[in-house]
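Enquirer: Contents of structure-v2.pdb (PDB, C-alpha atoms) are below:
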```
ATOM      1  CA  MET Y1057     -44.574  18.221  -5.162
ATOM      2  CA  LYS Y1058     -43.642  17.289  -8.739
ATOM      3  CA  LYS Y1059     -40.811  19.846  -8.800
ATOM      4  CA  PHE Y1060     -39.560  18.583  -5.446
ATOM      5  CA  LEU Y1061     -39.399  14.999  -6.739
ATOM      6  CA  GLU Y1062     -37.585  16.171  -9.870
ATOM      7  CA  PHE Y1063     -35.066  17.971  -7.654
ATOM      8  CA  ILE Y1064     -34.480  14.792  -5.593
ATOM      9  CA  ILE Y1065     -33.998  12.682  -8.726
ATOM     10  CA  LEU Y1066     -31.524  15.147 -10.224
ATOM     11  CA  THR Y1067     -29.634  15.348  -6.944
ATOM     12  CA  LEU Y1068     -29.286  11.560  -6.772
ATOM     13  CA  PHE Y1069     -28.247  11.440 -10.422
ATOM     14  CA  PHE Y1070     -25.408  13.917  -9.966
ATOM     15  CA  LEU Y1071     -24.384  12.251  -6.697
ATOM     16  CA  ASN Y1072     -24.049   8.897  -8.450
ATOM     17  CA  LEU Y1073     -22.304  10.543 -11.401
ATOM     18  CA  ASN Y1074     -19.783  12.141  -9.060
ATOM     19  CA  LEU Y1075     -19.179   8.807  -7.316
ATOM     20  CA  SER Y1076     -18.592   7.063 -10.638
ATOM     21  CA  VAL Y1077     -16.048   9.711 -11.657
ATOM     22  CA  GLN Y1078     -14.225   9.258  -8.368
ATOM     23  CA  ALA Y1079     -14.260   5.509  -8.855
ATOM     24  CA  LYS Y1080     -12.489   5.776 -12.207
ATOM     25  CA  GLN Y1081      -9.712   8.114 -11.161
ATOM     26  CA  LEU Y1082      -9.326   9.006  -7.515
ATOM     27  CA  GLY Y1083      -7.634  12.289  -6.729
ATOM     28  CA  ALA Y1084      -4.865  12.916  -4.235
ATOM     29  CA  LYS Y1085      -7.380  14.171  -1.668
ATOM     30  CA  SER Y1086      -9.723  11.193  -1.933
ATOM     31  CA  SER Y1087      -8.788   9.415   1.302
ATOM     32  CA  GLY Y1088     -11.675   7.487   2.719
ATOM     33  CA  PHE Y1089     -13.403   4.170   3.343
ATOM     34  CA  ILE Y1090     -13.602   1.930   0.282
ATOM     35  CA  SER Y1091     -15.638  -1.186  -0.434
ATOM     36  CA  SER Y1092     -16.955  -3.352  -3.252
ATOM     37  CA  ASN Y1093     -18.969  -6.545  -3.475
ATOM     38  CA  LEU Y1094     -17.521 -10.046  -3.819
ATOM     39  CA  GLU Y1095     -17.652  -9.749  -7.597
ATOM     40  CA  GLY Y1096     -15.322  -6.770  -7.389
ATOM     41  CA  LYS Y1097     -18.045  -4.382  -8.492
ATOM     42  CA  ALA Y1098     -20.164  -1.601  -6.942
ATOM     43  CA  PHE Y1099     -17.066   0.283  -5.783
ATOM     44  CA  LYS Y1100     -17.817   2.904  -3.133
ATOM     45  CA  LEU Y1101     -15.791   5.635  -1.501
ATOM     46  CA  ILE Y1102     -16.875   7.426   1.670
ATOM     47  CA  LYS Y1103     -14.572  10.221   2.762
ATOM     48  CA  GLY Y1104     -13.703  10.897   6.382
ATOM     49  CA  TYR Y1105     -12.423   9.219   9.528
ATOM     50  CA  GLU Y1106     -15.541   8.569  11.606
ATOM     51  CA  ILE Y1107     -16.237   4.932  12.508
ATOM     52  CA  GLU Y1108     -19.378   3.719  14.229
ATOM     53  CA  ASN Y1109     -18.631   1.331  17.114
ATOM     54  CA  PRO Y1110     -14.859   1.471  16.485
ATOM     55  CA  GLU Y1111     -14.079  -1.116  19.170
ATOM     56  CA  ASP Y1112     -15.932  -3.696  17.049
ATOM     57  CA  LYS Y1113     -14.032  -2.909  13.848
ATOM     58  CA  ILE Y1114     -10.807  -4.136  12.261
ATOM     59  CA  LEU Y1115      -9.343  -1.213  10.326
ATOM     60  CA  LEU Y1116      -7.285  -2.099   7.251
ATOM     61  CA  ILE Y1117      -5.381   0.889   5.816
ATOM     62  CA  TRP Y1118      -4.180   0.806   2.194
ATOM     63  CA  ASN Y1119      -0.979   2.616   1.144
ATOM     64  CA  HIS Y1120      -0.248   2.788  -2.584
ATOM     65  CA  GLY Y1121       3.225   2.644  -4.121
ATOM     66  CA  GLY Y1122       5.501   5.307  -5.577
ATOM     67  CA  ASN Y1123       8.586   6.943  -4.114
ATOM     68  CA  GLU Y1124       8.505  10.389  -5.663
ATOM     69  CA  THR Y1125       7.124  13.470  -3.949
ATOM     70  CA  LYS Y1126       4.407  14.655  -6.304
ATOM     71  CA  GLU Y1127       1.803  12.491  -8.012
ATOM     72  CA  LYS Y1128      -1.461  13.637  -9.536
ATOM     73  CA  PHE Y1129      -3.635  10.742  -8.447
ATOM     74  CA  CYS Y1130      -3.817   8.391  -5.501
ATOM     75  CA  ASN Y1131      -5.290   5.266  -7.111
ATOM     76  CA  GLN Y1132      -7.340   3.951  -9.984
ATOM     77  CA  SER Y1133     -10.433   2.170  -8.689
ATOM     78  CA  GLU Y1134      -9.590  -0.917 -10.776
ATOM     79  CA  ASP Y1135      -6.386  -1.212  -8.732
ATOM     80  CA  LEU Y1136      -8.357  -1.261  -5.490
ATOM     81  CA  THR Y1137     -10.522  -4.300  -6.204
ATOM     82  CA  PHE Y1138      -8.486  -6.802  -4.160
ATOM     83  CA  ILE Y1139      -8.325  -4.637  -1.062
ATOM     84  CA  SER Y1140     -11.830  -3.114  -1.259
ATOM     85  CA  MET Y1141     -13.419  -6.584  -1.484
ATOM     86  CA  LEU Y1142     -12.146  -7.314   2.031
ATOM     87  CA  SER Y1143     -14.378  -4.624   3.490
ATOM     88  CA  GLY Y1144     -17.387  -6.141   5.225
ATOM     89  CA  ALA Y1145     -15.728  -9.464   6.048
ATOM     90  CA  LYS Y1146     -16.089 -10.525   9.673
ATOM     91  CA  ILE Y1147     -13.615 -12.278  11.910
ATOM     92  CA  GLY Y1148     -15.542 -13.422  14.936
ATOM     93  CA  GLU Y1149     -17.722 -10.486  15.924
ATOM     94  CA  LYS Y1150     -15.411  -7.862  14.456
ATOM     95  CA  GLU Y1151     -15.940  -6.379  11.005
ATOM     96  CA  ILE Y1152     -13.189  -5.320   8.593
ATOM     97  CA  ILE Y1153     -13.384  -1.836   7.142
ATOM     98  CA  VAL Y1154     -10.855  -0.596   4.576
ATOM     99  CA  TRP Y1155      -9.519   2.961   4.465
ATOM    100  CA  MET Y1156      -7.510   4.279   1.502
ATOM    101  CA  ASN Y1157      -4.679   6.597   2.510
ATOM    102  CA  CYS Y1158      -4.190   9.310  -0.117
ATOM    103  CA  LEU Y1159      -2.425  11.684   2.275
ATOM    104  CA  ILE Y1160       0.853  10.051   1.237
ATOM    105  CA  THR Y1161       0.330  10.886  -2.441
ATOM    106  CA  ASN Y1162       1.835  14.376  -2.489
ATOM    107  CA  THR Y1163       4.627  14.872   0.055
ATOM    108  CA  ARG Y1164       6.414  17.771  -1.623
ATOM    109  CA  HIS Y1165       4.724  20.287   0.678
ATOM    110  CA  LEU Y1166       6.350  18.431   3.603
ATOM    111  CA  ASP Y1167       9.823  19.068   2.116
ATOM    112  CA  ALA Y1168      10.160  15.425   1.127
ATOM    113  CA  THR Y1169      13.037  14.712  -1.229
ATOM    114  CA  GLY Y1170      13.511  12.351  -4.143
ATOM    115  CA  GLY Y1171      15.208  12.186  -7.535
ATOM    116  CA  ARG Y1172      13.271  15.161  -8.899
ATOM    117  CA  GLU Y1173      14.235  17.450  -6.014
ATOM    118  CA  ALA Y1174      17.858  16.331  -5.929
ATOM    119  CA  GLY Y1175      18.246  16.739  -9.675
ATOM    120  CA  LYS Y1176      16.674  20.198  -9.678
ATOM    121  CA  LYS Y1177      18.694  21.473  -6.732
ATOM    122  CA  PHE Y1178      22.076  20.382  -8.053
ATOM    123  CA  LYS Y1179      21.307  20.186 -11.771
ATOM    124  CA  ALA Y1180      22.664  16.692 -11.477
ATOM    125  CA  SER Y1181      21.711  13.048 -11.819
ATOM    126  CA  ALA Y1182      22.967   9.608 -10.865
ATOM    127  CA  LYS Y1183      24.812   9.458 -14.207
ATOM    128  CA  LYS Y1184      26.633  12.698 -13.437
ATOM    129  CA  CYS Y1185      27.724  11.223 -10.107
ATOM    130  CA  ILE Y1186      29.518   8.502 -12.051
ATOM    131  CA  LYS Y1187      31.042  10.934 -14.539
ATOM    132  CA  LYS Y1188      32.418  13.109 -11.735
ATOM    133  CA  GLY Y1189      33.999  10.112  -9.987
ATOM    134  CA  PHE Y1190      31.676  10.001  -6.978
ATOM    135  CA  GLY Y1191      30.061   6.720  -7.953
ATOM    136  CA  HIS Y1192      26.787   5.847  -6.208
ATOM    137  CA  THR Y1193      27.880   7.183  -2.832
ATOM    138  CA  LEU Y1194      26.830   9.972  -0.491
ATOM    139  CA  GLU Y1195      29.949  11.850  -1.544
ATOM    140  CA  CYS Y1196      27.825  12.926  -4.487
ATOM    141  CA  PRO Y1197      25.525  15.833  -3.479
ATOM    142  CA  TYR Y1198      22.747  14.355  -5.632
ATOM    143  CA  TRP Y1199      22.423  11.211  -3.521
ATOM    144  CA  LYS Y1200      22.934  13.102  -0.284
ATOM    145  CA  GLU Y1201      20.008  15.374  -1.124
ATOM    146  CA  TYR Y1202      17.935  12.394  -2.273
ATOM    147  CA  LEU Y1203      18.230  10.901   1.214
ATOM    148  CA  ARG Y1204      18.004  14.146   3.201
ATOM    149  CA  ASN Y1205      14.254  13.912   3.826
ATOM    150  CA  LEU Y1206      13.403  10.788   1.844
ATOM    151  CA  SER Y1207       9.811  10.688   0.635
ATOM    152  CA  THR Y1208       9.543   7.070   1.811
ATOM    153  CA  ASP Y1209      10.320   8.196   5.369
ATOM    154  CA  VAL Y1210       7.916  11.120   5.153
ATOM    155  CA  ARG Y1211       5.146   8.769   4.032
ATOM    156  CA  MET Y1212       5.742   6.684   7.151
ATOM    157  CA  GLN Y1213       5.366   9.777   9.324
ATOM    158  CA  VAL Y1214       2.123  10.736   7.585
ATOM    159  CA  THR Y1215       0.732   7.201   7.983
ATOM    160  CA  GLU Y1216       1.609   7.187  11.680
ATOM    161  CA  GLU Y1217      -0.391  10.378  12.165
ATOM    162  CA  VAL Y1218      -3.349   8.716  10.427
ATOM    163  CA  VAL Y1219      -3.115   5.644  12.662
ATOM    164  CA  ARG Y1220      -2.956   7.738  15.819
ATOM    165  CA  LYS Y1221      -5.971   9.720  14.639
ATOM    166  CA  PHE Y1222      -8.018   6.555  14.207
ATOM    167  CA  ASN Y1223      -6.837   5.312  17.582
ATOM    168  CA  SER Y1224      -7.940   8.570  19.232
ATOM    169  CA  ASN Y1225     -11.325   7.979  17.566
ATOM    170  CA  GLY Y1226     -11.613   4.654  19.379
ATOM    171  CA  VAL Y1227      -9.957   1.970  17.212
ATOM    172  CA  PRO Y1228      -7.498  -0.106  19.297
ATOM    173  CA  PHE Y1229      -3.992  -0.164  17.832
ATOM    174  CA  LYS Y1230      -3.964  -3.966  17.632
ATOM    175  CA  GLN Y1231      -7.128  -3.855  15.510
ATOM    176  CA  ILE Y1232      -5.412  -1.670  12.920
ATOM    177  CA  PHE Y1233      -3.626  -3.371  10.009
ATOM    178  CA  LEU Y1234      -1.631  -1.781   7.199
ATOM    179  CA  ALA Y1235      -1.487  -3.145   3.650
ATOM    180  CA  GLY Y1236       0.631  -1.631   0.914
ATOM    181  CA  HIS Y1237       2.056  -2.117  -2.555
ATOM    182  CA  SER Y1238       5.612  -1.441  -3.768
ATOM    183  CA  CYS Y1239       6.920   1.481  -1.653
ATOM    184  CA  GLY Y1240       3.781   1.141   0.436
ATOM    185  CA  ALA Y1241       4.690  -2.515   0.918
ATOM    186  CA  TRP Y1242       8.255  -1.748   1.960
ATOM    187  CA  ASN Y1243       6.960   0.695   4.548
ATOM    188  CA  ALA Y1244       4.469  -1.921   5.729
ATOM    189  CA  ILE Y1245       7.355  -4.248   6.617
ATOM    190  CA  ARG Y1246       9.248  -1.380   8.242
ATOM    191  CA  TYR Y1247       6.229  -0.630  10.410
ATOM    192  CA  ALA Y1248       5.940  -4.256  11.482
ATOM    193  CA  ALA Y1249       9.631  -4.248  12.359
ATOM    194  CA  PHE Y1250      10.070  -0.892  14.071
ATOM    195  CA  LYS Y1251       6.591   0.400  15.022
ATOM    196  CA  GLU Y1252       4.817  -2.815  15.964
ATOM    197  CA  GLU Y1253       2.941  -1.078  18.791
ATOM    198  CA  LEU Y1254       0.860   0.796  16.211
ATOM    199  CA  PHE Y1255      -0.490  -2.249  14.370
ATOM    200  CA  GLY Y1256      -1.887  -5.711  14.760
ATOM    201  CA  GLY Y1257       0.188  -6.625  11.701
ATOM    202  CA  THR Y1258       0.996  -5.554   8.146
ATOM    203  CA  ILE Y1259       0.609  -6.962   4.632
ATOM    204  CA  ALA Y1260       3.142  -6.193   1.889
ATOM    205  CA  PHE Y1261       2.576  -6.750  -1.845
ATOM    206  CA  ASN Y1262       5.786  -6.728  -3.901
ATOM    207  CA  PRO Y1263       7.982  -4.581  -1.673
ATOM    208  CA  ASN Y1264      10.612  -2.431  -3.364
ATOM    209  CA  CYS Y1265      11.269   1.259  -3.121
ATOM    210  CA  TRP Y1266      14.446   2.543  -4.720
ATOM    211  CA  PRO Y1267      15.845   3.881  -7.998
ATOM    212  CA  LYS Y1268      17.194   1.727 -10.816
ATOM    213  CA  GLU Y1269      20.879   2.571 -10.411
ATOM    214  CA  GLU Y1270      23.052  -0.328  -9.296
ATOM    215  CA  ASN Y1271      24.136  -0.126  -5.649
ATOM    216  CA  ASN Y1272      22.349   3.183  -5.167
ATOM    217  CA  PRO Y1273      22.442   4.601  -1.587
ATOM    218  CA  VAL Y1274      18.647   4.602  -1.233
ATOM    219  CA  ARG Y1275      18.495   0.830  -1.584
ATOM    220  CA  GLN Y1276      21.511   0.428   0.674
ATOM    221  CA  TYR Y1277      19.845   2.546   3.353
ATOM    222  CA  LEU Y1278      16.487   0.743   3.226
ATOM    223  CA  VAL Y1279      17.930  -2.767   2.986
ATOM    224  CA  ASN Y1280      20.507  -2.266   5.742
ATOM    225  CA  GLU Y1281      17.824  -0.864   8.036
ATOM    226  CA  LEU Y1282      15.474  -3.803   7.525
ATOM    227  CA  LYS Y1283      18.236  -6.391   7.824
ATOM    228  CA  ALA Y1284      18.664  -5.187  11.409
ATOM    229  CA  ALA Y1285      15.048  -6.071  12.251
ATOM    230  CA  LYS Y1286      14.644  -8.630  15.029
ATOM    231  CA  TYR Y1287      10.961  -9.351  14.408
ATOM    232  CA  ALA Y1288       8.197  -8.314  12.000
ATOM    233  CA  ASN Y1289       4.616  -9.595  12.027
ATOM    234  CA  SER Y1290       4.089  -9.110   8.306
ATOM    235  CA  LEU Y1291       2.591 -11.133   5.476
ATOM    236  CA  VAL Y1292       4.824 -10.538   2.449
ATOM    237  CA  PHE Y1293       3.916 -11.334  -1.167
ATOM    238  CA  ALA Y1294       6.833 -11.302  -3.615
ATOM    239  CA  SER Y1295       7.256 -12.261  -7.265
ATOM    240  CA  PRO Y1296      10.181 -13.777  -9.185
ATOM    241  CA  ASP Y1297       8.886 -11.717 -12.129
ATOM    242  CA  ASP Y1298       9.013  -8.337 -10.389
ATOM    243  CA  LEU Y1299      10.541  -6.572 -13.370
ATOM    244  CA  THR Y1300       9.979  -2.925 -12.526
ATOM    245  CA  HIS Y1301      12.758  -0.411 -13.091
ATOM    246  CA  ASP Y1302      13.813  -0.751  -9.446
ATOM    247  CA  TRP Y1303      17.145  -2.491  -9.045
ATOM    248  CA  LYS Y1304      17.142  -6.028  -7.563
ATOM    249  CA  ALA Y1305      13.530  -6.273  -6.449
ATOM    250  CA  THR Y1306      12.502  -9.837  -7.338
ATOM    251  CA  SER Y1307      11.556 -12.447  -4.746
ATOM    252  CA  THR Y1308      14.964 -14.035  -5.369
ATOM    253  CA  ASP Y1309      16.751 -10.777  -4.518
ATOM    254  CA  LEU Y1310      14.622 -10.198  -1.425
ATOM    255  CA  LYS Y1311      14.352 -13.747  -0.067
ATOM    256  CA  TRP Y1312      16.360 -12.668   2.969
ATOM    257  CA  ILE Y1313      13.198 -10.894   4.210
ATOM    258  CA  ALA Y1314      11.648 -14.334   4.746
ATOM    259  CA  LYS Y1315      14.312 -15.021   7.378
ATOM    260  CA  ILE Y1316      13.193 -12.140   9.607
ATOM    261  CA  PRO Y1317      11.414 -13.753  12.584
ATOM    262  CA  GLY Y1318       7.649 -13.292  12.364
ATOM    263  CA  VAL Y1319       7.507 -12.758   8.585
ATOM    264  CA  ASN Y1320       4.998 -14.862   6.648
ATOM    265  CA  TRP Y1321       6.523 -15.201   3.181
ATOM    266  CA  PHE Y1322       4.420 -15.973   0.098
ATOM    267  CA  GLU Y1323       6.111 -16.281  -3.272
ATOM    268  CA  TYR Y1324       4.044 -15.915  -6.436
ATOM    269  CA  GLU Y1325       4.494 -18.428  -9.237
ATOM    270  CA  LYS Y1326       6.789 -17.570 -12.099
ATOM    271  CA  GLY Y1327       4.921 -16.535 -15.187
ATOM    272  CA  PRO Y1328       3.410 -14.546 -13.580
ATOM    273  CA  LYS Y1329       0.757 -17.150 -12.749
ATOM    274  CA  VAL Y1330      -1.609 -18.190  -9.957
ATOM    275  CA  ASN Y1331      -2.527 -21.873  -9.630
ATOM    276  CA  GLY Y1332      -0.832 -22.471 -12.979
ATOM    277  CA  LYS Y1333      -2.960 -19.958 -14.890
ATOM    278  CA  PRO Y1334      -1.430 -16.800 -16.423
ATOM    279  CA  CYS Y1335      -2.562 -13.554 -14.818
ATOM    280  CA  LYS Y1336      -4.194 -10.882 -16.946
ATOM    281  CA  GLN Y1337      -3.898  -7.119 -16.752
ATOM    282  CA  SER Y1338      -6.922  -5.452 -15.197
ATOM    283  CA  TRP Y1339      -6.729  -2.517 -17.601
ATOM    284  CA  ASP Y1340      -6.813  -4.341 -20.959
ATOM    285  CA  GLY Y1341      -7.212  -8.078 -20.326
ATOM    286  CA  LYS Y1342      -3.850  -8.942 -21.881
ATOM    287  CA  LYS Y1343      -1.376 -11.332 -20.284
ATOM    288  CA  LEU Y1344       0.396  -9.780 -17.320
ATOM    289  CA  LYS Y1345       4.120  -9.563 -18.055
ATOM    290  CA  ASN Y1346       5.286  -8.003 -14.818
ATOM    291  CA  GLY Y1347       4.739  -9.753 -11.502
ATOM    292  CA  HIS Y1348       4.888  -6.416  -9.716
ATOM    293  CA  TRP Y1349       1.222  -5.841 -10.560
ATOM    294  CA  ILE Y1350      -0.299  -9.209  -9.587
ATOM    295  CA  VAL Y1351      -2.334  -7.761  -6.723
ATOM    296  CA  PHE Y1352      -4.177  -5.621  -9.280
ATOM    297  CA  SER Y1353      -5.109  -8.656 -11.386
ATOM    298  CA  LYS Y1354      -8.212 -10.778 -10.856
ATOM    299  CA  CYS Y1355      -5.960 -13.833 -10.518
ATOM    300  CA  SER Y1356      -4.903 -12.541  -7.087
ATOM    301  CA  TRP Y1357      -8.394 -12.774  -5.589
ATOM    302  CA  PRO Y1358      -7.816 -16.233  -4.004
ATOM    303  CA  HIS Y1359      -5.035 -14.645  -1.941
ATOM    304  CA  GLN Y1360      -7.626 -12.616  -0.042
ATOM    305  CA  GLU Y1361      -8.096 -15.702   2.137
ATOM    306  CA  LEU Y1362      -4.398 -15.597   3.069
ATOM    307  CA  VAL Y1363      -4.804 -11.990   4.174
ATOM    308  CA  LEU Y1364      -7.910 -12.793   6.229
ATOM    309  CA  LYS Y1365      -6.209 -15.762   7.898
ATOM    310  CA  PHE Y1366      -3.179 -13.622   8.688
ATOM    311  CA  ILE Y1367      -5.368 -10.972  10.317
ATOM    312  CA  ARG Y1368      -7.274 -13.653  12.240
ATOM    313  CA  ASN Y1369      -4.078 -15.282  13.562
ATOM    314  CA  SER Y1370      -2.670 -11.899  14.564
ATOM    315  CA  LEU Y1371      -5.832 -11.030  16.505
ATOM    316  CA  ILE Y1372      -5.777 -14.417  18.232
ATOM    317  CA  ASN Y1373      -2.110 -13.994  19.209
ATOM    318  CA  ASP Y1374      -2.915 -10.568  20.651
ATOM    319  CA  LYS Y1375      -5.883 -12.058  22.549
ATOM    320  CA  ILE Y1376      -8.336  -9.771  20.745
ATOM    321  CA  ILE Y1377     -10.495 -12.692  19.611
ATOM    322  CA  SER Y1378     -10.778 -16.347  20.631
ATOM    323  CA  PRO Y1379      -9.226 -19.223  18.665
ATOM    324  CA  GLU Y1380     -12.772 -20.373  17.828
ATOM    325  CA  SER Y1381     -13.486 -17.167  15.885
ATOM    326  CA  LYS Y1382     -14.375 -17.800  12.248
ATOM    327  CA  ILE Y1383     -14.005 -15.783   9.061
ATOM    328  CA  LEU Y1384     -17.327 -14.847   7.503
ATOM    329  CA  ARG Y1385     -17.963 -13.094   4.179
ATOM    330  CA  ASN Y1386     -21.298 -11.904   2.828
TER     331      ASN Y1386
END
```
Show the structure stored in the file as structure tokens.

Expert:
Amino acid sequence: MKKFLEFIILTLFFLNLNLSVQAKQLGAKSSGFISSNLEGKAFKLIKGYEIENPEDKILLIWNHGGNETKEKFCNQSEDLTFISMLSGAKIGEKEIIVWMNCLITNTRHLDATGGREAGKKFKASAKKCIKKGFGHTLECPYWKEYLRNLSTDVRMQVTEEVVRKFNSNGVPFKQIFLAGHSCGAWNAIRYAAFKEELFGGTIAFNPNCWPKEENNPVRQYLVNELKAAKYANSLVFASPDDLTHDWKATSTDLKWIAKIPGVNWFEYEKGPKVNGKPCKQSWDGKKLKNGHWIVFSKCSWPHQELVLKFIRNSLINDKIISPESKILRN
């Protein structure tokens, strides 16, 4: 009996140790349900797709950023605090569960293309396009290859397969919501605009998804596509301090998105700040200098209520819940 108890204790120890390792640095194959308490602690990851009583659930899928085809890790757990804290909230009688999509992390095996693939295939770069007189146009083989099977498009295809899988497991399409950051955010708006039948709505945090070169064809392609949208039920967060390497990605540059019918536009304060207070980096506690990362800072936590209200309003508009339904959090 004593040996049996020792075995159980050791088993639980290594199980918890494994979970803590996953929580620090989640691998590319770590898709699954995520949650944490309202203090942003006790992070948990449960792999799989099975949902008990799926008709009573609101599924919120998280898509991380990045537009290249091969990344080593899906997410750091500290970057998932905002989204994982929403798990367990109730809107009426329906409970939110959050699923992290890591299937979009490595798209190279799906023949997705990006700067790395284009550069390797033609031993070229955007700079060489300029030197050879092509400019930033599709006359340059580099850019043509970049767009041939764009990783951003492949990620959308992968996400659609995930959504259809959950729907076949019993979750109604209109009870599925997609949230994303950066490239994941841009695709979230695209889904709301062109695949609205798959979602109740989408949430986009700092959408941008293109290289740094001025007037590059990738940005032209993505922007022109979205400018043709007639409607998009999407909550969009954008920052005037979005200073990533991507070209023209601030809220000022992208304010035209707010004019798409159905878009709920939220602009972060300049600073970057929230309610007048400077945001701090989650990884070292220093002042956040780039508004692109606000959703990963503790200062963003008040915005969870905006997300919950958006989901509630979407469900009411789709007649999934009654207008009397309230938001409850444990």

Enquirer: What's the separation between CA of Cys1335 (chain Y) and CA of Gly1257 (chain Y), in Å to one decimal place?

Expert: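 Result for CA of Cys1335 (chain Y) versus CA of Gly1257 (chain Y): 27.5 Å, one decimal.
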
Enquirer: Please report as a tab-separated table every residue of region 1133-1207 of chain Y lying within 12 Å of region 1082-1105 of chain Y, along with the nearest atom pair and their distance in Å (one decimal), using all atoms listed in the file.

Expert:
```
residue	atom	partner	partner_atom	distance
Y:Ser1133	CA	Y:Leu1082	CA	7.0
Y:Glu1134	CA	Y:Gly1096	CA	8.9
Y:Asp1135	CA	Y:Gly1096	CA	10.6
Y:Leu1136	CA	Y:Ile1090	CA	8.4
Y:Thr1137	CA	Y:Gly1096	CA	5.5
Y:Phe1138	CA	Y:Gly1096	CA	7.6
Y:Ile1139	CA	Y:Ser1091	CA	8.1
Y:Ser1140	CA	Y:Ser1091	CA	4.3
Y:Met1141	CA	Y:Ser1092	CA	5.1
Y:Leu1142	CA	Y:Ser1091	CA	7.5
Y:Ser1143	CA	Y:Ser1091	CA	5.4
Y:Gly1144	CA	Y:Ser1091	CA	7.7
Y:Ala1145	CA	Y:Leu1094	CA	10.0
Y:Ile1152	CA	Y:Ser1091	CA	10.2
Y:Ile1153	CA	Y:Phe1089	CA	7.1
Y:Val1154	CA	Y:Phe1089	CA	5.5
Y:Trp1155	CA	Y:Phe1089	CA	4.2
Y:Met1156	CA	Y:Ser1087	CA	5.3
Y:Asn1157	CA	Y:Ser1087	CA	5.1
Y:Cys1158	CA	Y:Ser1087	CA	4.8
Y:Leu1159	CA	Y:Lys1085	CA	6.8
Y:Ile1160	CA	Y:Ala1084	CA	8.4
Y:Thr1161	CA	Y:Ala1084	CA	5.9
Y:Asn1162	CA	Y:Ala1084	CA	7.1
Y:Thr1163	CA	Y:Ala1084	CA	10.6
```

Enquirer: Take the PyMOL selection byres ((chain Y and resi 1189-1202) around 8), apply it to the structure above, and return the hits as a JSON list (two decimals) with C-alpha atoms, in the coordinates of the input.

Expert:
```json
[["chain", "number", "residue", "atom", "x", "y", "z"],
["Y", 1169, "THR", "CA", 13.04, 14.71, -1.23],
["Y", 1170, "GLY", "CA", 13.51, 12.35, -4.14],
["Y", 1171, "GLY", "CA", 15.21, 12.19, -7.54],
["Y", 1173, "GLU", "CA", 14.24, 17.45, -6.01],
["Y", 1174, "ALA", "CA", 17.86, 16.33, -5.93],
["Y", 1175, "GLY", "CA", 18.25, 16.74, -9.68],
["Y", 1178, "PHE", "CA", 22.08, 20.38, -8.05],
["Y", 1180, "ALA", "CA", 22.66, 16.69, -11.48],
["Y", 1181, "SER", "CA", 21.71, 13.05, -11.82],
["Y", 1182, "ALA", "CA", 22.97, 9.61, -10.86],
["Y", 1185, "CYS", "CA", 27.72, 11.22, -10.11],
["Y", 1186, "ILE", "CA", 29.52, 8.50, -12.05],
["Y", 1187, "LYS", "CA", 31.04, 10.93, -14.54],
["Y", 1188, "LYS", "CA", 32.42, 13.11, -11.74],
["Y", 1203, "LEU", "CA", 18.23, 10.90, 1.21],
["Y", 1204, "ARG", "CA", 18.00, 14.15, 3.20],
["Y", 1205, "ASN", "CA", 14.25, 13.91, 3.83],
["Y", 1206, "LEU", "CA", 13.40, 10.79, 1.84],
["Y", 1269, "GLU", "CA", 20.88, 2.57, -10.41],
["Y", 1270, "GLU", "CA", 23.05, -0.33, -9.30],
["Y", 1271, "ASN", "CA", 24.14, -0.13, -5.65],
["Y", 1272, "ASN", "CA", 22.35, 3.18, -5.17],
["Y", 1273, "PRO", "CA", 22.44, 4.60, -1.59],
["Y", 1274, "VAL", "CA", 18.65, 4.60, -1.23]]
```

Enquirer: Please measure the separation of CA of Ala1248 (chain Y) and CA of Ser1290 (chain Y), giving the value in Å to one decimal.

Expert: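 Spanning CA of Ala1248 (chain Y) to CA of Ser1290 (chain Y) is a straight-line distance of 6.1 Å.
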
Enquirer: Looking at all atoms listed in the file, which of Y:Val1214, Y:Leu1364, Y:Ile1383, Y:Leu1344 is the one that sits closest to Ala1168 (chain Y)?

Expert: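 Comparing Y:Val1214, Y:Leu1364, Y:Ile1383, Y:Leu1344 against Ala1168 (chain Y), the winner is Y:Val1214.
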
Enquirer: Quick one: residues within 9 Å of Ile1245 (chain Y), only C-alpha atoms, excluding same-chain residues fewer than 2 positions away - as a PDB file with C-alpha atoms, in the coordinates of the input?

Expert:
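Generated file (around_18.pdb):
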```
ATOM      1  CA  GLY Y1240       3.781   1.141   0.436  1.00  0.00           C
ATOM      2  CA  ALA Y1241       4.690  -2.515   0.918  1.00  0.00           C
ATOM      3  CA  TRP Y1242       8.255  -1.748   1.960  1.00  0.00           C
ATOM      4  CA  ASN Y1243       6.960   0.695   4.548  1.00  0.00           C
ATOM      5  CA  TYR Y1247       6.229  -0.630  10.410  1.00  0.00           C
ATOM      6  CA  ALA Y1248       5.940  -4.256  11.482  1.00  0.00           C
ATOM      7  CA  ALA Y1249       9.631  -4.248  12.359  1.00  0.00           C
ATOM      8  CA  PHE Y1250      10.070  -0.892  14.071  1.00  0.00           C
ATOM      9  CA  THR Y1258       0.996  -5.554   8.146  1.00  0.00           C
ATOM     10  CA  ILE Y1259       0.609  -6.962   4.632  1.00  0.00           C
ATOM     11  CA  ALA Y1260       3.142  -6.193   1.889  1.00  0.00           C
ATOM     12  CA  PRO Y1263       7.982  -4.581  -1.673  1.00  0.00           C
ATOM     13  CA  LEU Y1282      15.474  -3.803   7.525  1.00  0.00           C
ATOM     14  CA  ALA Y1288       8.197  -8.314  12.000  1.00  0.00           C
ATOM     15  CA  ASN Y1289       4.616  -9.595  12.027  1.00  0.00           C
ATOM     16  CA  SER Y1290       4.089  -9.110   8.306  1.00  0.00           C
ATOM     17  CA  LEU Y1291       2.591 -11.133   5.476  1.00  0.00           C
ATOM     18  CA  VAL Y1292       4.824 -10.538   2.449  1.00  0.00           C
ATOM     19  CA  VAL Y1319       7.507 -12.758   8.585  1.00  0.00           C
TER      20      VAL Y1319
END
```
